[in-house]
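Asker: Just so it is clear, I am handing over start_1.txt, which has compact mmCIF, C-alpha atoms.
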# COMPACT_ATOMS: atom_id res chain seq x y z
CA MET A 99 -8.52 -25.72 45.31
CA ASP A 100 -11.17 -23.51 46.88
CA ASP A 101 -10.28 -20.79 44.42
CA HIS A 102 -11.55 -22.85 41.53
CA ALA A 103 -15.15 -23.19 42.61
CA PRO A 104 -16.29 -19.59 42.07
CA LEU A 105 -14.65 -19.47 38.66
CA GLU A 106 -16.51 -22.51 37.46
CA SER A 107 -19.80 -21.27 38.78
CA ALA A 108 -19.22 -18.06 36.86
CA GLY A 109 -19.02 -20.14 33.70
CA ILE A 110 -15.25 -20.03 33.35
CA GLU A 111 -13.82 -23.23 31.98
CA GLU A 112 -11.34 -22.15 29.35
CA PRO A 113 -9.16 -19.09 28.76
CA LEU A 114 -11.51 -17.45 26.29
CA ASP A 115 -14.30 -17.40 28.84
CA LEU A 116 -12.37 -14.59 30.52
CA VAL A 117 -12.56 -12.67 27.29
CA ARG A 118 -16.30 -13.26 27.15
CA LEU A 119 -16.65 -11.66 30.57
CA SER A 120 -14.85 -8.60 29.18
CA LEU A 121 -17.48 -7.95 26.53
CA ASP A 122 -18.73 -4.36 26.72
CA GLU A 123 -15.74 -3.48 28.92
CA ARG A 124 -12.54 -1.64 28.09
CA ILE A 125 -9.67 -4.05 27.62
CA TYR A 126 -5.95 -3.93 26.94
CA VAL A 127 -4.57 -5.84 23.96
CA LYS A 128 -0.90 -6.35 23.22
CA LEU A 129 -0.10 -7.03 19.59
CA ARG A 130 2.83 -8.06 17.43
CA GLY A 131 4.67 -5.20 15.81
CA ASP A 132 5.20 -3.24 19.05
CA ARG A 133 1.59 -2.17 19.29
CA GLU A 134 -0.88 -1.92 22.13
CA LEU A 135 -4.59 -1.20 22.07
CA ARG A 136 -7.05 0.00 24.66
CA GLY A 137 -10.70 -0.10 23.76
CA LYS A 138 -14.16 -1.40 24.46
CA LEU A 139 -14.65 -5.02 23.44
CA HIS A 140 -17.69 -5.51 21.24
CA ALA A 141 -16.98 -8.91 19.71
CA TYR A 142 -14.38 -11.66 19.48
CA ASP A 143 -14.06 -15.20 18.19
CA GLY A 144 -11.88 -18.22 18.83
CA HIS A 145 -9.00 -16.78 16.80
CA LEU A 146 -9.11 -13.67 18.99
CA ASN A 147 -10.31 -11.64 16.07
CA MET A 148 -11.97 -8.68 17.77
CA VAL A 149 -14.01 -5.57 17.21
CA LEU A 150 -13.06 -2.76 19.58
CA GLY A 151 -14.72 0.64 20.03
CA ASP A 152 -13.16 3.99 21.03
CA VAL A 153 -9.71 2.57 20.53
CA GLU A 154 -6.45 4.14 21.51
CA GLU A 155 -3.50 2.56 19.78
CA THR A 156 0.02 2.96 21.15
CA ILE A 157 2.92 2.22 18.83
CA THR A 158 6.47 2.08 20.11
CA VAL A 159 8.88 3.29 17.45
CA VAL A 160 12.66 3.35 17.55
CA ASP A 161 14.21 6.15 15.52
CA VAL A 162 17.80 5.62 14.51
CA ASN A 163 19.79 8.72 13.68
CA GLU A 164 21.68 8.02 10.46
CA GLU A 165 24.88 9.82 11.42
CA THR A 166 25.27 9.38 15.15
CA LEU A 167 23.47 6.00 15.12
CA GLU A 168 21.71 7.24 18.23
CA GLU A 169 18.47 5.54 19.09
CA VAL A 170 15.42 7.35 20.36
CA ILE A 171 12.27 5.59 21.51
CA ARG A 172 9.15 7.40 20.44
CA ILE A 173 5.57 6.63 21.42
CA VAL A 174 2.95 7.22 18.74
CA LYS A 175 -0.72 7.33 19.69
CA ARG A 176 -3.65 6.98 17.33
CA ASN A 177 -7.36 6.87 17.93
CA CYS A 178 -10.06 5.00 16.06
CA GLU A 179 -13.77 4.92 16.66
CA MET A 180 -14.34 1.34 15.56
CA LEU A 181 -11.66 -1.19 14.75
CA PHE A 182 -11.55 -4.81 13.64
CA VAL A 183 -8.37 -6.49 14.87
CA ARG A 184 -7.14 -9.69 13.26
CA GLY A 185 -6.50 -12.34 15.89
CA ASP A 186 -3.19 -13.64 14.56
CA GLY A 187 -1.47 -10.45 15.72
CA VAL A 188 -2.71 -10.71 19.28
CA ILE A 189 -0.16 -11.54 21.98
CA LEU A 190 -2.30 -11.02 25.06
CA VAL A 191 -5.65 -9.70 26.18
CA SER A 192 -6.03 -8.22 29.60
CA PRO A 193 -9.38 -7.63 31.33
CA PRO A 194 -10.71 -4.20 32.36
CA SER A 195 -8.71 -3.57 35.53
CA ARG A 196 -5.53 -2.79 33.60
CA ALA A 197 -7.09 -0.67 30.89
CA MET B 1484 -20.08 -27.93 5.74
CA ASP B 1485 -16.79 -28.77 4.03
CA SER B 1486 -18.22 -28.48 0.59
CA PHE B 1487 -19.70 -25.11 1.13
CA GLN B 1488 -16.58 -23.85 2.78
CA ILE B 1489 -14.73 -24.48 -0.44
CA PHE B 1490 -17.30 -22.75 -2.52
CA THR B 1491 -17.45 -19.49 -0.65
CA THR B 1492 -13.70 -19.05 -0.93
CA SER B 1493 -11.95 -16.48 -3.03
CA THR B 1494 -14.71 -16.55 -5.58
CA SER B 1495 -14.22 -12.83 -5.82
CA LEU B 1496 -11.10 -13.51 -7.88
CA VAL B 1497 -13.22 -14.86 -10.73
CA ASP B 1498 -13.70 -11.36 -12.08
CA SER B 1499 -9.95 -10.79 -12.25
CA VAL B 1500 -9.16 -13.80 -14.42
CA ASP B 1501 -7.54 -12.87 -17.77
CA LYS B 1502 -6.86 -9.33 -16.54
CA LYS B 1503 -3.56 -7.58 -16.01
CA LEU B 1504 -2.87 -7.50 -12.31
CA LEU B 1505 -0.39 -6.20 -9.83
CA VAL B 1506 0.49 -8.82 -7.23
CA VAL B 1507 2.34 -7.83 -4.07
CA LEU B 1508 4.11 -10.63 -2.24
CA ARG B 1509 5.02 -10.92 1.41
CA ASP B 1510 8.70 -10.36 0.74
CA GLY B 1511 7.82 -7.05 -0.90
CA ARG B 1512 8.17 -8.12 -4.50
CA LYS B 1513 5.79 -6.61 -7.01
CA LEU B 1514 4.73 -8.68 -9.99
CA VAL B 1515 2.68 -7.60 -12.97
CA GLY B 1516 1.06 -10.31 -15.05
CA ILE B 1517 -2.14 -11.77 -16.41
CA LEU B 1518 -4.12 -13.89 -13.95
CA ARG B 1519 -4.92 -17.22 -15.57
CA SER B 1520 -6.01 -19.32 -12.63
CA PHE B 1521 -6.45 -19.41 -8.86
CA ASP B 1522 -7.90 -21.59 -6.13
CA GLN B 1523 -9.39 -21.25 -2.66
CA PHE B 1524 -6.03 -20.54 -1.03
CA ALA B 1525 -5.40 -17.70 -3.47
CA ASN B 1526 -2.69 -19.79 -5.12
CA LEU B 1527 -2.25 -17.99 -8.42
CA VAL B 1528 -1.06 -18.64 -11.95
CA LEU B 1529 0.31 -15.54 -13.64
CA GLN B 1530 1.26 -15.40 -17.30
CA ASP B 1531 3.66 -12.99 -19.03
CA THR B 1532 4.84 -11.87 -15.64
CA ILE B 1533 7.31 -9.10 -15.07
CA GLU B 1534 8.87 -8.29 -11.74
CA ARG B 1535 8.82 -4.54 -11.22
CA ILE B 1536 11.28 -2.92 -8.86
CA TYR B 1537 10.44 0.52 -7.52
CA VAL B 1538 12.96 2.96 -6.10
CA GLY B 1539 11.83 6.53 -5.46
CA ASP B 1540 10.12 7.79 -8.60
CA THR B 1541 11.78 5.23 -10.87
CA TYR B 1542 11.16 1.60 -11.65
CA GLY B 1543 12.81 -1.19 -13.57
CA ASP B 1544 11.32 -4.36 -15.05
CA ILE B 1545 12.62 -7.92 -15.15
CA PRO B 1546 10.76 -10.30 -17.49
CA ARG B 1547 9.92 -13.49 -15.58
CA GLY B 1548 7.35 -15.48 -17.59
CA ILE B 1549 4.90 -17.87 -15.94
CA PHE B 1550 4.55 -17.85 -12.17
CA ILE B 1551 2.71 -20.23 -9.89
CA ILE B 1552 2.43 -18.39 -6.60
CA ARG B 1553 1.65 -20.10 -3.34
CA GLY B 1554 -1.29 -18.27 -1.78
CA GLU B 1555 0.20 -17.67 1.64
CA ASN B 1556 2.79 -15.39 0.05
CA VAL B 1557 0.21 -13.11 -1.52
CA VAL B 1558 -0.39 -9.78 0.18
CA LEU B 1559 -2.76 -8.30 -2.32
CA LEU B 1560 -3.65 -8.24 -5.94
CA GLY B 1561 -5.05 -5.29 -7.77
CA GLU B 1562 -6.41 -4.57 -11.19
CA ILE B 1563 -4.34 -2.03 -13.05
CA ASP B 1564 -6.16 0.92 -14.53
CA GLU B 1565 -4.44 1.08 -17.92
CA ASP B 1566 -5.50 4.69 -18.48
CA LYS B 1567 -3.94 5.83 -15.25
CA GLU B 1568 -0.90 3.66 -15.83
CA ASP B 1569 0.39 5.89 -18.64
CA GLU B 1570 0.20 9.17 -16.76
CA LEU B 1571 2.02 8.16 -13.59
CA PRO B 1572 4.80 10.40 -12.27
CA LEU B 1573 7.19 7.45 -12.60
CA ARG B 1574 10.12 6.91 -14.91
CA GLU B 1575 11.38 3.60 -16.25
CA VAL B 1576 15.13 3.13 -15.97
CA PRO B 1577 17.43 0.19 -16.80
CA VAL B 1578 16.93 -2.54 -14.27
CA GLU B 1579 20.62 -2.70 -13.31
CA GLU B 1580 20.32 0.87 -12.06
CA VAL B 1581 17.33 0.17 -9.83
CA LEU B 1582 18.85 -3.02 -8.52
CA GLN B 1583 21.99 -1.19 -7.45
CA ILE B 1584 20.05 1.49 -5.54
CA GLN B 1585 17.76 -1.13 -4.07
CA ARG B 1586 20.70 -3.11 -2.74
CA GLU B 1587 22.17 -0.05 -1.07
CA GLU B 1588 18.83 0.89 0.49
CA MET B 1589 18.35 -2.66 1.73
CA GLU B 1590 21.69 -2.71 3.51
CA VAL B 1591 20.87 0.48 5.40
CA LYS B 1592 17.41 -0.84 6.22
CA VAL B 1593 18.64 -4.15 7.56
CA ARG B 1594 21.21 -2.41 9.75
CA LYS B 1595 18.59 -0.05 11.17
CA GLU B 1596 16.16 -2.87 11.68
CA LYS B 1597 18.66 -4.82 13.75
CA THR B 1598 19.20 -1.88 16.08
CA LYS B 1599 15.46 -1.36 16.40
CA HIS B 1600 14.84 -4.97 17.28
CA ARG B 1601 17.47 -4.84 19.99
CA MET B 1602 15.98 -1.68 21.49
CA LEU B 1603 12.43 -2.97 21.33
CA SER B 1604 13.25 -6.31 22.91
CA GLU B 1605 14.76 -4.38 25.81
CA GLN B 1606 11.36 -2.67 26.10
CA GLY B 1607 9.61 -6.02 26.32
CA PHE B 1608 8.34 -6.22 22.77
CA SER B 1609 8.60 -9.40 20.79
CA VAL B 1610 11.45 -9.76 18.39
CA ASP B 1611 10.19 -11.80 15.51
CA ALA B 1612 12.96 -13.34 13.46
CA ALA B 1613 10.57 -13.93 10.59
CA GLU B 1614 10.03 -10.20 10.21
CA PHE B 1615 13.63 -9.77 9.17
CA GLY B 1616 12.96 -11.42 5.85
CA GLU B 1617 9.85 -9.34 5.33
CA LEU B 1618 10.97 -5.79 4.95
CA TYR B 1619 8.20 -5.20 2.48
CA MET C 123 -4.74 -25.37 -15.77
CA VAL C 124 -7.77 -25.14 -17.98
CA SER C 125 -9.79 -27.45 -15.79
CA THR C 126 -8.90 -25.47 -12.67
CA LEU C 127 -10.14 -22.41 -14.38
CA THR C 128 -13.41 -24.00 -15.29
CA LEU C 129 -13.82 -25.05 -11.69
CA CYS C 130 -13.20 -21.49 -10.54
CA ARG C 131 -15.88 -20.19 -12.81
CA ASP C 132 -18.40 -22.78 -11.75
CA ARG C 133 -18.03 -21.73 -8.17
CA ARG C 134 -19.58 -18.40 -8.79
CA THR C 135 -23.00 -19.86 -9.34
CA GLN C 136 -22.63 -22.24 -6.44
CA GLU C 137 -21.67 -19.45 -4.12
CA THR C 138 -24.95 -17.67 -4.64
CA GLY C 139 -26.78 -20.69 -3.30
CA CYS C 140 -24.48 -20.92 -0.28
CA LEU C 141 -24.93 -17.33 0.65
CA GLU C 142 -28.68 -17.67 0.62
CA GLU C 143 -28.35 -20.68 2.84
CA LEU C 144 -26.29 -18.77 5.36
CA GLY C 145 -28.72 -16.24 6.68
CA THR C 146 -27.24 -12.96 7.78
CA MET C 147 -26.39 -11.63 11.16
CA ALA C 148 -28.56 -8.63 10.46
CA ASN C 149 -31.58 -10.88 10.49
CA GLY C 150 -30.49 -12.52 13.71
CA LEU C 151 -30.41 -15.94 12.10
CA TRP C 152 -27.90 -17.62 14.33
CA HIS C 153 -29.30 -21.03 14.67
CA ASP C 154 -26.75 -23.55 13.47
CA ASN C 155 -23.24 -24.72 14.21
CA ARG C 156 -21.64 -22.64 11.52
CA GLU C 157 -22.06 -19.45 13.46
CA ARG C 158 -18.78 -19.88 15.30
CA ILE C 159 -16.82 -19.51 12.10
CA PHE C 160 -19.09 -16.95 10.61
CA LEU C 161 -19.39 -14.27 13.26
CA PHE C 162 -16.93 -11.89 11.64
CA TYR C 163 -17.65 -13.14 8.14
CA SER C 164 -21.33 -12.29 8.59
CA PHE C 165 -20.42 -9.07 10.32
CA PHE C 166 -18.29 -7.91 7.40
CA LYS C 167 -21.05 -8.84 5.00
CA THR C 168 -23.30 -6.33 6.76
CA LEU C 169 -20.68 -3.69 5.93
CA VAL C 170 -20.54 -4.33 2.18
CA GLY C 171 -20.91 -1.02 0.35
CA GLN C 172 -19.39 0.96 3.23
CA PRO C 173 -16.04 2.76 3.15
CA VAL C 174 -13.39 1.03 5.26
CA THR C 175 -9.66 1.38 5.77
CA VAL C 176 -7.70 -1.85 5.75
CA GLU C 177 -4.31 -1.67 7.42
CA LEU C 178 -1.93 -4.46 6.46
CA LYS C 179 0.83 -6.02 8.50
CA ASN C 180 3.33 -4.30 6.21
CA ASP C 181 1.86 -0.93 7.31
CA LEU C 182 0.23 -0.24 3.94
CA ALA C 183 -3.22 1.24 4.61
CA ILE C 184 -5.86 1.23 1.88
CA THR C 185 -9.19 3.01 1.99
CA GLY C 186 -11.95 1.82 -0.29
CA VAL C 187 -15.50 0.62 -0.56
CA LEU C 188 -15.94 -2.90 0.78
CA VAL C 189 -17.08 -5.05 -2.12
CA SER C 190 -16.90 -8.54 -0.75
CA VAL C 191 -15.53 -10.76 1.97
CA ASP C 192 -15.17 -14.54 2.26
CA GLN C 193 -14.84 -16.92 5.18
CA PHE C 194 -11.07 -16.42 5.37
CA LEU C 195 -11.84 -12.72 5.71
CA ASN C 196 -10.16 -12.04 2.42
CA ILE C 197 -11.36 -8.59 1.49
CA LYS C 198 -12.12 -6.95 -1.82
CA LEU C 199 -12.10 -3.17 -2.08
CA ASP C 200 -13.15 -0.87 -4.89
CA ASN C 201 -12.18 2.74 -5.66
CA ILE C 202 -9.12 2.40 -3.51
CA LYS C 203 -6.86 5.11 -2.20
CA VAL C 204 -3.63 4.36 -0.41
CA VAL C 205 -3.23 6.41 2.76
CA ASP C 206 0.46 7.29 2.33
CA GLU C 207 0.62 7.34 -1.49
CA GLU C 208 4.19 8.59 -1.95
CA ARG C 209 5.58 5.63 -0.06
CA TYR C 210 3.77 3.14 -2.27
CA PRO C 211 4.14 4.27 -5.92
CA HIS C 212 3.25 0.78 -7.17
CA MET C 213 -0.32 1.26 -5.96
CA LEU C 214 -0.97 4.46 -7.93
CA ALA C 215 -2.52 2.80 -10.98
CA VAL C 216 -4.49 0.21 -9.02
CA LYS C 217 -8.23 0.83 -8.93
CA ASN C 218 -9.53 -2.13 -6.94
CA CYS C 219 -7.90 -4.88 -4.97
CA PHE C 220 -8.18 -8.24 -3.32
CA ILE C 221 -6.43 -8.41 0.04
CA ARG C 222 -5.57 -11.77 1.51
CA GLY C 223 -7.14 -12.04 4.96
CA SER C 224 -3.96 -13.33 6.55
CA VAL C 225 -2.04 -10.09 5.88
CA VAL C 226 -4.61 -7.80 7.51
CA ARG C 227 -3.72 -6.13 10.79
CA TYR C 228 -6.76 -3.90 11.28
CA VAL C 229 -9.87 -2.82 9.50
CA GLN C 230 -11.07 0.64 10.49
CA LEU C 231 -14.84 0.65 10.35
CA PRO C 232 -17.50 3.33 10.01
CA ALA C 233 -18.79 3.37 13.60
CA PRO C 234 -22.39 4.39 12.80
CA SER C 235 -22.76 1.27 10.64
CA VAL C 236 -21.78 -1.05 13.45
CA ASP C 237 -24.53 -2.38 15.70
CA THR C 238 -22.47 -2.98 18.83
CA ALA C 239 -25.33 -4.42 20.85
CA LEU C 240 -25.97 -7.03 18.18
CA LEU C 241 -22.27 -7.84 17.97
CA GLN C 242 -21.92 -8.36 21.69
CA ASP C 243 -24.99 -10.49 21.72
CA ALA C 244 -23.66 -12.63 18.89
CA ALA C 245 -20.25 -13.01 20.56
CA ARG C 246 -21.87 -14.06 23.83
CA ARG C 247 -24.11 -16.59 22.19
CA GLU C 248 -21.28 -17.98 20.15
CA ARG C 249 -19.34 -18.95 23.25
CA GLN C 250 -22.27 -20.57 24.97
CA GLN C 251 -22.62 -23.40 22.49
CA PRO C 252 -19.11 -24.72 21.99
CA ALA C 253 -20.16 -28.33 22.54
CA ALA C 254 -22.20 -28.33 19.38
CA VAL C 255 -19.07 -28.02 17.26
CA GLY C 256 -16.41 -29.64 19.41
CA ARG C 257 -13.26 -28.07 20.72
CA LYS C 258 -10.46 -27.09 18.46
Could you render the structure from this file as structure tokens?
Answerer:
Amino acid sequence: MDDHAPLESAGIEEPLDLVRLSLDERIYVKLRGDRELRGKLHAYDGHLNMVLGDVEETITVVDVNEETLEEVIRIVKRNCEMLFVRGDGVILVSPPSRA
Amino acid sequence: MDSFQIFTTSTSLVDSVDKKLLVVLRDGRKLVGILRSFDQFANLVLQDTIERIYVGDTYGDIPRGIFIIRGENVVLLGEIDEDKEDELPLREVPVEEVLQIQREEMEVKVRKEKTKHRMLSEQGFSVDAAEFGELY
Amino acid sequence: MVSTLTLCRDRRTQETGCLEELGTMANGLWHDNRERIFLFYSFFKTLVGQPVTVELKNDLAITGVLVSVDQFLNIKLDNIKVVDEERYPHMLAVKNCFIRGSVVRYVQLPAPSVDTALLQDAARRERQQPAAVGRK
């Protein structure tokens, strides 16, 4: 029970308040479609639409060899200076410590 | 509030009415037709519609007629530049031909996709059943 | 069908009035309850005329000049160019397009045109007044 008091005094009442506290910080975002983002949070709304800056995107791709049917997991990285992310693809948002 | 929500919606489609448009649907289908009407959900009415199937540098057409499309299935709609349309590096072939190739490609794709989903779910990524129907 | 069409056309004039009523983020006019819904809508309006790249959930990426946006974040682009053209032959003759907001994955923005301080400020303020609108 004691744990709850400091959270409330910091203005945390609902899940999205944690996101608010991550504004101007680098966060980790996991998305549908085997994608992950790391970037600085500049804005968000209740749908978890977001604008991120200095973004690194990590895509996990599985290549299937046509003949041997062998599968290889490949990590693709992309960078983007400023990115709007639509909230309906967001699976989770993690505060700065993990990014 | 409600009233003005309605009025700011999809008004940008007004300019496309009565024009020949390409409509891409969520299942990957491509339709070409004349936009006759729409509403705030981007529900569409298309007239003289053809469904165009692309494979490689060929395409085939199926005449479809009038379409009422539910907005949530619309990916995008674009105005076709009729000047550019004639000089494309694409070749029209009988639709049966394209359909045959498309079927074969689809089978390979679905098989690959299944393997991928299995691998990715082992990696902790979400396997979304809905995505199977949307190989667009 | 005809009456729907008339309605669509009427909306154009009504929209103008609504937009004036809104006030833009650029002017810092964030004084009423609507701002919750309109943060990104207003934000995108400040980017009209700028080149953006819209990446869709089907991996299609389209670069073009942002022409308009509505409250569903439907996006209209002009002078479009598809990033991986060979994979999407159906887009070759398309000059402008309307993209349904729900199919967008990302929009890559021109960083110099984004006022990050203003954005952060707006996002912070938006969360501080949830009671005014009620919880979803």
Asker: Which residues of chain C sit at most 6 Å from chain A, using all atoms listed in the file? Give each one's shortest atom pair and distance in Å (one decimal place), in chain and ascending residue order, as a Markdown table.
Answerer:
| residue | atom | partner | partner_atom | distance |
| --- | --- | --- | --- | --- |
| C:Arg227 | CA | A:Arg184 | CA | 5.5 |
| C:Tyr228 | CA | A:Val183 | CA | 4.7 |
| C:Val229 | CA | A:Phe182 | CA | 4.9 |
| C:Gln230 | CA | A:Leu181 | CA | 4.7 |
| C:Leu231 | CA | A:Met180 | CA | 5.3 |
| C:Ala233 | CA | A:Met180 | CA | 5.3 |
| C:Thr238 | CA | A:His140 | CA | 5.9 |
| C:Leu241 | CA | A:Ala141 | CA | 5.7 |
| C:Gln242 | CA | A:His140 | CA | 5.1 |
| C:Ala245 | CA | A:Ala141 | CA | 5.3 |
Asker: Please, could you write that set of residues out with C-alpha atoms as a compact mmCIF listing (two decimals), in the coordinates of the input?
Answerer:
# COMPACT_ATOMS: atom_id res chain seq x y z
CA ARG C 227 -3.72 -6.13 10.79
CA TYR C 228 -6.76 -3.90 11.28
CA VAL C 229 -9.87 -2.82 9.50
CA GLN C 230 -11.07 0.64 10.49
CA LEU C 231 -14.84 0.65 10.35
CA ALA C 233 -18.79 3.37 13.60
CA THR C 238 -22.47 -2.98 18.83
CA LEU C 241 -22.27 -7.84 17.97
CA GLN C 242 -21.92 -8.36 21.69
CA ALA C 245 -20.25 -13.01 20.56
Asker: Provide as a PyMOL selection string the residues of chain B at most 8 Å from chain A, counting only C-alpha atoms.
Answerer: chain B and resi 1595+1598-1599+1602-1603+1608-1609
Asker: Save out the residues we just selected, C-alpha atoms, as a short mmCIF file (atom, residue, chain, number, x, y, z; two decimals), keeping the file's coordinate frame.
Answerer:
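The result, stored in again.cif:
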data_model
loop_
_atom_site.label_atom_id
_atom_site.label_comp_id
_atom_site.auth_asym_id
_atom_site.auth_seq_id
_atom_site.Cartn_x
_atom_site.Cartn_y
_atom_site.Cartn_z
CA LYS B 1595 18.59 -0.05 11.17
CA THR B 1598 19.20 -1.88 16.08
CA LYS B 1599 15.46 -1.36 16.40
CA MET B 1602 15.98 -1.68 21.49
CA LEU B 1603 12.43 -2.97 21.33
CA PHE B 1608 8.34 -6.22 22.77
CA SER B 1609 8.60 -9.40 20.79
#
Asker: Of the candidates B:Lys1567, B:Arg1601, B:Lys1503, B:Arg1509, which one gets nearest to C:Ile221 if we count all atoms listed in the file?
Answerer: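 Between B:Lys1567, B:Arg1601, B:Lys1503, B:Arg1509, the residue approaching C:Ile221 most closely is B:Arg1509.
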Asker: Can you tell me which residues surround stretch 179-186 of chain C at a distance of at most 8 Å, considering all atoms listed in the file, apart from same-chain residues fewer than 2 positions away, and format the answer as a PDB file with C-alpha atoms, in the coordinates of the input?
Answerer:
ATOM      1  CA  LEU B1618      10.970  -5.790   4.950  1.00  0.00           C
ATOM      2  CA  TYR B1619       8.200  -5.200   2.480  1.00  0.00           C
TER       3      TYR B1619
ATOM      4  CA  PRO C 173     -16.040   2.760   3.150  1.00  0.00           C
ATOM      5  CA  VAL C 174     -13.390   1.030   5.260  1.00  0.00           C
ATOM      6  CA  THR C 175      -9.660   1.380   5.770  1.00  0.00           C
ATOM      7  CA  VAL C 176      -7.700  -1.850   5.750  1.00  0.00           C
ATOM      8  CA  GLU C 177      -4.310  -1.670   7.420  1.00  0.00           C
ATOM      9  CA  LEU C 188     -15.940  -2.900   0.780  1.00  0.00           C
ATOM     10  CA  LEU C 199     -12.100  -3.170  -2.080  1.00  0.00           C
ATOM     11  CA  ASP C 200     -13.150  -0.870  -4.890  1.00  0.00           C
ATOM     12  CA  ASN C 201     -12.180   2.740  -5.660  1.00  0.00           C
ATOM     13  CA  ILE C 202      -9.120   2.400  -3.510  1.00  0.00           C
ATOM     14  CA  LYS C 203      -6.860   5.110  -2.200  1.00  0.00           C
ATOM     15  CA  VAL C 204      -3.630   4.360  -0.410  1.00  0.00           C
ATOM     16  CA  VAL C 205      -3.230   6.410   2.760  1.00  0.00           C
ATOM     17  CA  ASP C 206       0.460   7.290   2.330  1.00  0.00           C
ATOM     18  CA  TYR C 210       3.770   3.140  -2.270  1.00  0.00           C
ATOM     19  CA  VAL C 225      -2.040 -10.090   5.880  1.00  0.00           C
ATOM     20  CA  VAL C 226      -4.610  -7.800   7.510  1.00  0.00           C
ATOM     21  CA  ARG C 227      -3.720  -6.130  10.790  1.00  0.00           C
TER      22      ARG C 227
END
Asker: Of the candidates B:Val1506, B:Ile1517, B:Val1558, B:Leu1529, which shows the shortest atom-to-atom distance to chain C, using all atoms listed in the file?
Answerer: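 Once distances to chain C are computed over all atoms listed in the file, the minimum belongs to B:Val1558.
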Asker: Which of these, B:Glu1580, B:Asp1510, B:Glu1588, B:Asp1564, has the shortest distance to C:Cys219 once you count only C-alpha atoms?
Answerer: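 Ranked by minimum distance to C:Cys219, first place goes to B:Asp1564.
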